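Written below as structure tokens is the structure these notes are about.
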Protein chains: 2
Amino acid sequence: MELTPLTERFVLHFGEMGSRWGINRTVGQMYALLFISPQPLNADEIAETLGFSRSNVSMGMKELMSWRLARLLHRPGDRREYFEAPKDIWEIFRTLAEEKRKREIEPTLSMLRDALLEVPQTDAEHHAQGRMREMHELIEMATVWFDEVQRLSPETLESLMRLGAKVQKVLGFTDKLRGKD
Amino acid sequence: MELTPLTERFVLHFGEMGSRWGINRTVGQMYALLFISPQPLNADEIAETLGFSRSNVSMGMKELMSWRLARLLHRPGDRREYFEAPKDIWEIFRTLAEEKRKREIEPTLSMLRDALLEVPQTDAEHHAQGRMREMHELIEMATVWFDEVQRLSPETLESLMRLGAKVQKVLGFTDKLRGKD
DNA sequence: TTATAGTTTCAATAATTTCTGAAATTACAC
DNA sequence: GTGTAATTTCAGAAATTATTGAAACTATAA
């Protein structure tokens, strides 16, 4: 498969951004390629298009599958494995949020929970525990919120998002909006 | 400054998680230390407590300041620079979200905007552009939403969060809740 | 079975990132 | 100004992470 200028730009960008997003360059490119591909691709096509080794593609796809950003499928009469990226952009959004939460938030939440069970031995520990409690409460609240909101249908979520800050008015909350900084 | 077992655990955890969060181990530890410290610390104290080189602390603090997760202050009669982490947990949350958006989302949004201006030359490009449009729309919507909601006071935001999915009921939206997968 | 296409593993190495110590710079007190 | 404490810079060393190619493994067709 040949990349057109437009698709190449997209793929290269995902490669560059990969490191900021916590995946590596080649995995970022592989995902971008799957995302824009009109049909599932097999590992050789991916390796050939992007110019990576076959083994790198194998490992990269494993990683993408662990993020649930790629799935495996087979075509009748072809024993190679094909990969595709989930189509529904809302599903991708949710999946990504779930995986990030599992990897980047849960471990910390769990560490905080443990730390809060300890009996502080010094003033310093007492203070530190207070800070940890604040952190724990915020993260806990945000994740519970996320859990609940995630169960809404994409349509409702979209309406809610489009409502934005106006939700506050509609609900009759009183609030002073913050200035731009 | 000596770390107690409780604070050491917290600091080491932030070091470990650092790489998943896009900062490195030592910067993660530095932030954790500042976060739980009851008073501002100078660079030597940080270096000594965590066992890093003085120059590493200098670079680390620069990075934390670029994330607005640390700020500089001076004490009368002491010419060293002291650092502290913002106290308000909501402010931290907002700051982090803003910085992540700037670094991890804006560049992609901008690439997508450019790509969507191009006239597709082939079927493949046409399809790819369609996918990019979906991605762009979702990100755009989410960031506009975030902009607006961010202007709410922490109190309102907290009420809203505690409302969770019930917001949908209160607003009279009809929606079927999604099962747990 | 066996042959072989397809996939994965893994040790070696390439590339990148992190961290340090020494030198340079800056800021302040005298 | 000069001297010194504090900070930053930066080149190289150390550590980590990414990538490859060859070998091992697996599944299927003949």
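Residues in the structure tokens are numbered from 1 in each chain, the chains being A, B, ... in the order shown, and ligands are numbered from 1 in the order shown.
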
Using only C-alpha atoms (C1' of nucleotides), which residues sit within 12 Å of Phe173 of chain A once same-chain residues fewer than 3 positions away are excluded, as a short mmCIF file (atom, residue, chain, number, x, y, z; two decimals) with N, CA, C and O atoms, in the first residue's frame?
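The result, written out as out20.cif:
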data_model
loop_
_atom_site.label_atom_id
_atom_site.label_comp_id
_atom_site.auth_asym_id
_atom_site.auth_seq_id
_atom_site.Cartn_x
_atom_site.Cartn_y
_atom_site.Cartn_z
N ALA A 165 -20.97 24.69 29.62
CA ALA A 165 -21.13 25.36 30.92
C ALA A 165 -22.58 25.76 31.15
O ALA A 165 -22.98 26.03 32.28
N LYS A 166 -23.36 25.77 30.10
CA LYS A 166 -24.76 26.18 30.24
C LYS A 166 -25.53 25.19 31.12
O LYS A 166 -26.58 25.52 31.64
N VAL A 167 -25.00 24.01 31.27
CA VAL A 167 -25.64 23.00 32.11
C VAL A 167 -25.90 23.57 33.50
O VAL A 167 -26.92 23.29 34.13
N GLN A 168 -25.00 24.42 33.90
CA GLN A 168 -25.06 25.04 35.22
C GLN A 168 -26.27 25.94 35.33
O GLN A 168 -27.01 25.91 36.30
N LYS A 169 -26.51 26.71 34.27
CA LYS A 169 -27.68 27.59 34.22
C LYS A 169 -28.95 26.76 34.22
O LYS A 169 -29.88 27.00 34.98
N VAL A 170 -28.96 25.79 33.31
CA VAL A 170 -30.16 24.98 33.14
C VAL A 170 -30.54 24.30 34.45
O VAL A 170 -31.71 24.16 34.79
N LYS A 176 -20.44 32.05 39.73
CA LYS A 176 -19.79 33.10 38.96
C LYS A 176 -18.78 32.44 38.03
O LYS A 176 -17.95 31.64 38.47
N LEU A 177 -18.90 32.76 36.77
CA LEU A 177 -17.93 32.20 35.83
C LEU A 177 -16.56 32.81 36.11
O LEU A 177 -16.45 33.97 36.47
N LEU B 152 -16.24 27.21 35.23
CA LEU B 152 -17.09 27.08 36.42
C LEU B 152 -16.22 27.09 37.67
O LEU B 152 -15.06 26.71 37.63
N SER B 153 -16.79 27.50 38.75
CA SER B 153 -16.03 27.47 40.00
C SER B 153 -15.86 26.03 40.44
O SER B 153 -16.67 25.16 40.09
N GLU B 155 -16.59 24.74 43.12
CA GLU B 155 -17.79 24.27 43.85
C GLU B 155 -18.83 23.74 42.89
O GLU B 155 -19.41 22.67 43.08
N THR B 156 -19.11 24.53 41.85
CA THR B 156 -20.12 24.10 40.88
C THR B 156 -19.67 22.82 40.18
O THR B 156 -20.45 21.89 39.99
N LEU B 157 -18.39 22.81 39.85
CA LEU B 157 -17.85 21.66 39.16
C LEU B 157 -18.02 20.42 40.03
O LEU B 157 -18.42 19.35 39.56
N GLU B 158 -17.77 20.61 41.29
CA GLU B 158 -17.90 19.49 42.21
C GLU B 158 -19.35 19.01 42.29
O GLU B 158 -19.62 17.80 42.22
N SER B 159 -20.30 19.95 42.39
CA SER B 159 -21.71 19.56 42.42
C SER B 159 -22.07 18.78 41.17
O SER B 159 -22.74 17.76 41.20
N LEU B 160 -21.57 19.31 40.05
CA LEU B 160 -21.86 18.70 38.76
C LEU B 160 -21.31 17.28 38.70
O LEU B 160 -21.98 16.35 38.25
#

*Contacts of Ser110 of chain A at 12 Å (only C-alpha atoms (C1' of nucleotides); same-chain gap of 4+ positions) as a count of residues only*: 16

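The gap separating atom CA of Asn24 of chain B from atom C1' of DT18 of chain C is 7.9 Å, in Å to one decimal.
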
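Non-sequential neighbours of Thr4 of chain B (distance at most 9 Å, separation of 2 or more positions within a chain, only C-alpha atoms (C1' of nucleotides)) are Gln121, Thr122, Ala124 and Glu125 of chain A; Glu2, Leu6, Thr7, Glu8 and Arg9 of chain B.
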
_Among chain A, which ones does DSSP assign to strand (DSSP E or B) (computed from the backbone)? Answer as a PyMOL selection string._
chain A and resi 41-42+71-75+78-84

Just-selected residues, N, CA and C atoms written as a PDB file, in the first residue's frame:
ATOM      1  N   LEU A  41      -5.805  -4.463   7.441  1.00  0.00           N
ATOM      2  CA  LEU A  41      -4.493  -4.693   6.846  1.00  0.00           C
ATOM      3  C   LEU A  41      -3.814  -5.860   7.544  1.00  0.00           C
ATOM      4  N   ASN A  42      -2.989  -6.578   6.812  1.00  0.00           N
ATOM      5  CA  ASN A  42      -2.224  -7.624   7.479  1.00  0.00           C
ATOM      6  C   ASN A  42      -0.834  -7.095   7.843  1.00  0.00           C
ATOM      7  N   ARG A  71      -7.977  -4.534  16.491  1.00  0.00           N
ATOM      8  CA  ARG A  71      -8.467  -5.892  16.700  1.00  0.00           C
ATOM      9  C   ARG A  71      -8.135  -6.765  15.508  1.00  0.00           C
ATOM     10  N   LEU A  72      -8.111  -8.022  15.839  1.00  0.00           N
ATOM     11  CA  LEU A  72      -7.683  -9.039  14.912  1.00  0.00           C
ATOM     12  C   LEU A  72      -8.873  -9.558  14.153  1.00  0.00           C
ATOM     13  N   LEU A  73      -8.687  -9.842  12.871  1.00  0.00           N
ATOM     14  CA  LEU A  73      -9.730 -10.570  12.167  1.00  0.00           C
ATOM     15  C   LEU A  73      -9.155 -11.389  11.046  1.00  0.00           C
ATOM     16  N   HIS A  74      -9.920 -12.325  10.605  1.00  0.00           N
ATOM     17  CA  HIS A  74      -9.446 -13.228   9.567  1.00  0.00           C
ATOM     18  C   HIS A  74     -10.341 -13.113   8.344  1.00  0.00           C
ATOM     19  N   ARG A  75      -9.712 -13.311   7.198  1.00  0.00           N
ATOM     20  CA  ARG A  75     -10.510 -13.318   5.970  1.00  0.00           C
ATOM     21  C   ARG A  75     -10.570 -14.748   5.465  1.00  0.00           C
ATOM     22  N   ASP A  78      -7.768 -16.955   3.597  1.00  0.00           N
ATOM     23  CA  ASP A  78      -6.470 -16.279   3.762  1.00  0.00           C
ATOM     24  C   ASP A  78      -6.038 -16.544   5.193  1.00  0.00           C
ATOM     25  N   ARG A  79      -4.877 -17.167   5.356  1.00  0.00           N
ATOM     26  CA  ARG A  79      -4.553 -17.500   6.737  1.00  0.00           C
ATOM     27  C   ARG A  79      -3.765 -16.439   7.478  1.00  0.00           C
ATOM     28  N   ARG A  80      -3.512 -15.356   6.817  1.00  0.00           N
ATOM     29  CA  ARG A  80      -2.844 -14.267   7.531  1.00  0.00           C
ATOM     30  C   ARG A  80      -3.820 -13.560   8.474  1.00  0.00           C
ATOM     31  N   GLU A  81      -3.265 -12.896   9.464  1.00  0.00           N
ATOM     32  CA  GLU A  81      -4.107 -12.146  10.390  1.00  0.00           C
ATOM     33  C   GLU A  81      -4.251 -10.718   9.889  1.00  0.00           C
ATOM     34  N   TYR A  82      -5.462 -10.236   9.940  1.00  0.00           N
ATOM     35  CA  TYR A  82      -5.702  -8.848   9.549  1.00  0.00           C
ATOM     36  C   TYR A  82      -6.022  -8.017  10.788  1.00  0.00           C
ATOM     37  N   PHE A  83      -5.693  -6.754  10.707  1.00  0.00           N
ATOM     38  CA  PHE A  83      -5.953  -5.858  11.826  1.00  0.00           C
ATOM     39  C   PHE A  83      -6.824  -4.710  11.369  1.00  0.00           C
ATOM     40  N   GLU A  84      -7.684  -4.276  12.276  1.00  0.00           N
ATOM     41  CA  GLU A  84      -8.425  -3.055  11.991  1.00  0.00           C
ATOM     42  C   GLU A  84      -8.552  -2.250  13.266  1.00  0.00           C
TER      43      GLU A  84
END

*asked:* Would you mind listing, as number ranges by chain, all residues of chain D that have at least one atom within 9 Å of chain A, where only C-alpha atoms (C1' of nucleotides) are what counts?
replied: D: 18-21, 27-28

Output of the above residues as a PDB file, in the first residue's frame, restricted to N, CA, C and O atoms (P, O5', C5', C4', C3', O3' and C1' of nucleotides):
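See selection_24.pdb below for the written result:
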ATOM      1  P    DA D  18       9.996   2.600  24.161  1.00  0.00           P
ATOM      2  O5'  DA D  18      10.856   2.315  22.849  1.00  0.00           O
ATOM      3  C5'  DA D  18      11.636   3.362  22.311  1.00  0.00           C
ATOM      4  C4'  DA D  18      12.220   2.925  20.985  1.00  0.00           C
ATOM      5  C3'  DA D  18      11.287   2.181  20.041  1.00  0.00           C
ATOM      6  O3'  DA D  18      11.611   2.671  18.749  1.00  0.00           O
ATOM      7  C1'  DA D  18      13.147   0.808  20.544  1.00  0.00           C
ATOM      8  P    DT D  19      10.802   2.236  17.440  1.00  0.00           P
ATOM      9  O5'  DT D  19      11.708   1.060  16.866  1.00  0.00           O
ATOM     10  C5'  DT D  19      12.957   1.418  16.273  1.00  0.00           C
ATOM     11  C4'  DT D  19      13.665   0.157  15.836  1.00  0.00           C
ATOM     12  C3'  DT D  19      12.837  -0.789  14.971  1.00  0.00           C
ATOM     13  O3'  DT D  19      13.371  -0.695  13.654  1.00  0.00           O
ATOM     14  C1'  DT D  19      14.142  -1.952  16.608  1.00  0.00           C
ATOM     15  P    DT D  20      12.811  -1.636  12.498  1.00  0.00           P
ATOM     16  O5'  DT D  20      13.871  -2.806  12.586  1.00  0.00           O
ATOM     17  C5'  DT D  20      15.261  -2.468  12.553  1.00  0.00           C
ATOM     18  C4'  DT D  20      16.092  -3.727  12.745  1.00  0.00           C
ATOM     19  C3'  DT D  20      15.718  -4.870  11.807  1.00  0.00           C
ATOM     20  O3'  DT D  20      16.857  -5.147  11.002  1.00  0.00           O
ATOM     21  C1'  DT D  20      15.927  -5.621  14.069  1.00  0.00           C
ATOM     22  P    DG D  21      16.694  -5.996   9.645  1.00  0.00           P
ATOM     23  O5'  DG D  21      17.305  -7.410  10.055  1.00  0.00           O
ATOM     24  C5'  DG D  21      18.536  -7.475  10.767  1.00  0.00           C
ATOM     25  C4'  DG D  21      18.738  -8.900  11.237  1.00  0.00           C
ATOM     26  C3'  DG D  21      18.331  -9.970  10.223  1.00  0.00           C
ATOM     27  O3'  DG D  21      19.253 -11.030  10.385  1.00  0.00           O
ATOM     28  C1'  DG D  21      17.045 -10.250  12.181  1.00  0.00           C
ATOM     29  P    DA D  27      -1.372 -23.006  17.207  1.00  0.00           P
ATOM     30  O5'  DA D  27      -1.678 -22.938  15.650  1.00  0.00           O
ATOM     31  C5'  DA D  27      -1.752 -21.673  15.006  1.00  0.00           C
ATOM     32  C4'  DA D  27      -2.058 -21.923  13.554  1.00  0.00           C
ATOM     33  C3'  DA D  27      -3.154 -22.967  13.321  1.00  0.00           C
ATOM     34  O3'  DA D  27      -3.903 -22.491  12.232  1.00  0.00           O
ATOM     35  C1'  DA D  27      -1.193 -23.653  12.240  1.00  0.00           C
ATOM     36  P    DT D  28      -5.340 -23.058  11.927  1.00  0.00           P
ATOM     37  O5'  DT D  28      -5.166 -23.552  10.428  1.00  0.00           O
ATOM     38  C5'  DT D  28      -4.731 -22.610   9.456  1.00  0.00           C
ATOM     39  C4'  DT D  28      -4.054 -23.353   8.356  1.00  0.00           C
ATOM     40  C3'  DT D  28      -4.939 -24.448   7.731  1.00  0.00           C
ATOM     41  O3'  DT D  28      -5.023 -24.151   6.359  1.00  0.00           O
ATOM     42  C1'  DT D  28      -2.752 -25.211   8.061  1.00  0.00           C
TER      43       DT D  28
END

So that each row is one residue of chain B with an atom at most 6 Å from chain A, can you give its shortest atom pair and the distance in Å to one decimal, using only C-alpha atoms, rows by chain and rising number, as a tab-separated table?
residue	atom	partner	partner_atom	distance
B:Ile36	CA	A:Ala128	CA	4.8
B:Ala128	CA	A:Ile36	CA	4.8
B:Trp145	CA	A:Gly164	CA	5.0
B:Glu148	CA	A:Ala165	CA	5.1
B:Val149	CA	A:Ala165	CA	4.8
B:Arg151	CA	A:Arg178	CA	4.8
B:Leu152	CA	A:Leu177	CA	5.2
B:Met161	CA	A:Trp145	CA	5.6
B:Gly164	CA	A:Trp145	CA	5.0
B:Ala165	CA	A:Val149	CA	4.8
B:Leu177	CA	A:Leu152	CA	5.3
B:Arg178	CA	A:Arg151	CA	4.8

Selection export as a PDB file, in the first residue's frame, atoms kept: N, CA and C atoms:
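Listed below is the output, selection-v5.pdb:
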ATOM      1  N   ILE B  36       3.898  17.163  48.982  1.00  0.00           N
ATOM      2  CA  ILE B  36       3.626  16.837  50.390  1.00  0.00           C
ATOM      3  C   ILE B  36       4.413  17.685  51.381  1.00  0.00           C
ATOM      4  N   ALA B 128      -9.706   8.809   3.882  1.00  0.00           N
ATOM      5  CA  ALA B 128      -8.869   9.204   5.017  1.00  0.00           C
ATOM      6  C   ALA B 128      -9.340  10.538   5.586  1.00  0.00           C
ATOM      7  N   TRP B 145     -15.956  21.951  25.086  1.00  0.00           N
ATOM      8  CA  TRP B 145     -16.643  21.604  26.339  1.00  0.00           C
ATOM      9  C   TRP B 145     -15.731  21.876  27.532  1.00  0.00           C
ATOM     10  N   GLU B 148     -15.337  25.509  28.407  1.00  0.00           N
ATOM     11  CA  GLU B 148     -16.486  26.112  29.072  1.00  0.00           C
ATOM     12  C   GLU B 148     -16.597  25.658  30.506  1.00  0.00           C
ATOM     13  N   VAL B 149     -16.495  24.377  30.690  1.00  0.00           N
ATOM     14  CA  VAL B 149     -16.671  23.812  32.018  1.00  0.00           C
ATOM     15  C   VAL B 149     -15.571  24.291  32.963  1.00  0.00           C
ATOM     16  N   ARG B 151     -14.454  27.083  33.244  1.00  0.00           N
ATOM     17  CA  ARG B 151     -14.719  28.406  33.795  1.00  0.00           C
ATOM     18  C   ARG B 151     -15.636  28.356  35.009  1.00  0.00           C
ATOM     19  N   LEU B 152     -16.238  27.206  35.229  1.00  0.00           N
ATOM     20  CA  LEU B 152     -17.090  27.081  36.417  1.00  0.00           C
ATOM     21  C   LEU B 152     -16.221  27.086  37.669  1.00  0.00           C
ATOM     22  N   MET B 161     -20.106  17.142  39.195  1.00  0.00           N
ATOM     23  CA  MET B 161     -19.486  15.820  39.181  1.00  0.00           C
ATOM     24  C   MET B 161     -20.241  14.856  40.072  1.00  0.00           C
ATOM     25  N   GLY B 164     -23.105  13.397  38.480  1.00  0.00           N
ATOM     26  CA  GLY B 164     -22.737  12.300  37.580  1.00  0.00           C
ATOM     27  C   GLY B 164     -23.766  12.097  36.478  1.00  0.00           C
ATOM     28  N   ALA B 165     -24.097  10.842  36.258  1.00  0.00           N
ATOM     29  CA  ALA B 165     -24.996  10.500  35.155  1.00  0.00           C
ATOM     30  C   ALA B 165     -26.413  10.975  35.430  1.00  0.00           C
ATOM     31  N   LEU B 177     -29.241   3.683  29.676  1.00  0.00           N
ATOM     32  CA  LEU B 177     -27.890   3.508  30.201  1.00  0.00           C
ATOM     33  C   LEU B 177     -27.279   2.275  29.570  1.00  0.00           C
ATOM     34  N   ARG B 178     -25.997   2.369  29.340  1.00  0.00           N
ATOM     35  CA  ARG B 178     -25.305   1.222  28.764  1.00  0.00           C
ATOM     36  C   ARG B 178     -24.992   0.202  29.839  1.00  0.00           C
TER      37      ARG B 178
END

_Write out as a PyMOL selection string the set of residues from segment 97-171 of chain B that DSSP, computed on the backbone, places in alpha helix (DSSP H)._
chain B and resi 97-100+106-117+123-150+154-163+166-170

*Non-local contacts of DA3 of chain C (10 Å; only C-alpha atoms (C1' of nucleotides); under 2 positions in same chain excluded) as a VMD selection string*: (chain C and resid 1 5) or (chain D and resid 29 to 30)

With C-alpha atoms (C1' of nucleotides) retained, export the selected residues as a CSV table (one decimal), in the first residue's frame.
chain,number,residue,atom,x,y,z
C,1,DT,C1',2.6,-36.8,8.5
C,5,DA,C1',3.3,-19.8,5.3
D,29,DA,C1',-2.7,-27.4,3.4
D,30,DA,C1',-1.3,-31.1,0.9

*Suppose you want the space between atom C1' of DT17 of chain D and atom CA of Gly60 of chain B; what is it in Å?*
20.6 Å

_So, with only C-alpha atoms (C1' of nucleotides) as the atoms that count, which of C:DC30, C:DC10, C:DA15, C:DA23 lies closest to DT2 of chain D?_
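Closest to DT2 of chain D of all the choices is C:DC30.
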
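Neighbouring residues of DA24 of chain C at 12 Å or closer, counting only C-alpha atoms (C1' of nucleotides) and skipping chain neighbours under 2 positions away, are C:DA22, C:DT26, D:DT7, D:DT8, D:DT9, D:DC10.
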
Output C-alpha atoms (C1' of nucleotides) of each residue in that selection to a file, as a PDB file, in the first residue's frame.
ATOM      1  C1'  DA C  22      32.620  20.538  35.722  1.00  0.00           C
ATOM      2  C1'  DT C  26      24.240  35.209  37.248  1.00  0.00           C
TER       3       DT C  26
ATOM      4  C1'  DT D   7      22.079  28.659  39.528  1.00  0.00           C
ATOM      5  C1'  DT D   8      22.357  27.091  34.811  1.00  0.00           C
ATOM      6  C1'  DT D   9      24.408  24.999  30.889  1.00  0.00           C
ATOM      7  C1'  DC D  10      26.216  21.374  28.475  1.00  0.00           C
TER       8       DC D  10
END

*Can you check which residues of chain C have any atom within 12 Å of chain B? Use only C-alpha atoms (C1' of nucleotides) and format it as number ranges by chain.*
C: 17-22, 27-29

*asked:* Can you tell me which residues surround DC25 of chain D at a distance of at most 9 Å, considering only C-alpha atoms (C1' of nucleotides), apart from same-chain residues fewer than 3 positions away, and format the answer as a list in words?
replied: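 Near neighbours after the sequence-gap exclusion: DT7, DT8 and DT9 of chain C.
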
Could you turn the residues from that selection into a file that holds C-alpha atoms (C1' of nucleotides), as a PDB file, in the first residue's frame?
ATOM      1  C1'  DT C   7       3.686 -15.344  13.619  1.00  0.00           C
ATOM      2  C1'  DT C   8       6.256 -14.584  17.836  1.00  0.00           C
ATOM      3  C1'  DT C   9      10.240 -14.444  20.707  1.00  0.00           C
TER       4       DT C   9
END

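Atom to atom, atom CA of Leu96 of chain A and atom C1' of DT16 of chain C stand 26.2 Å apart.
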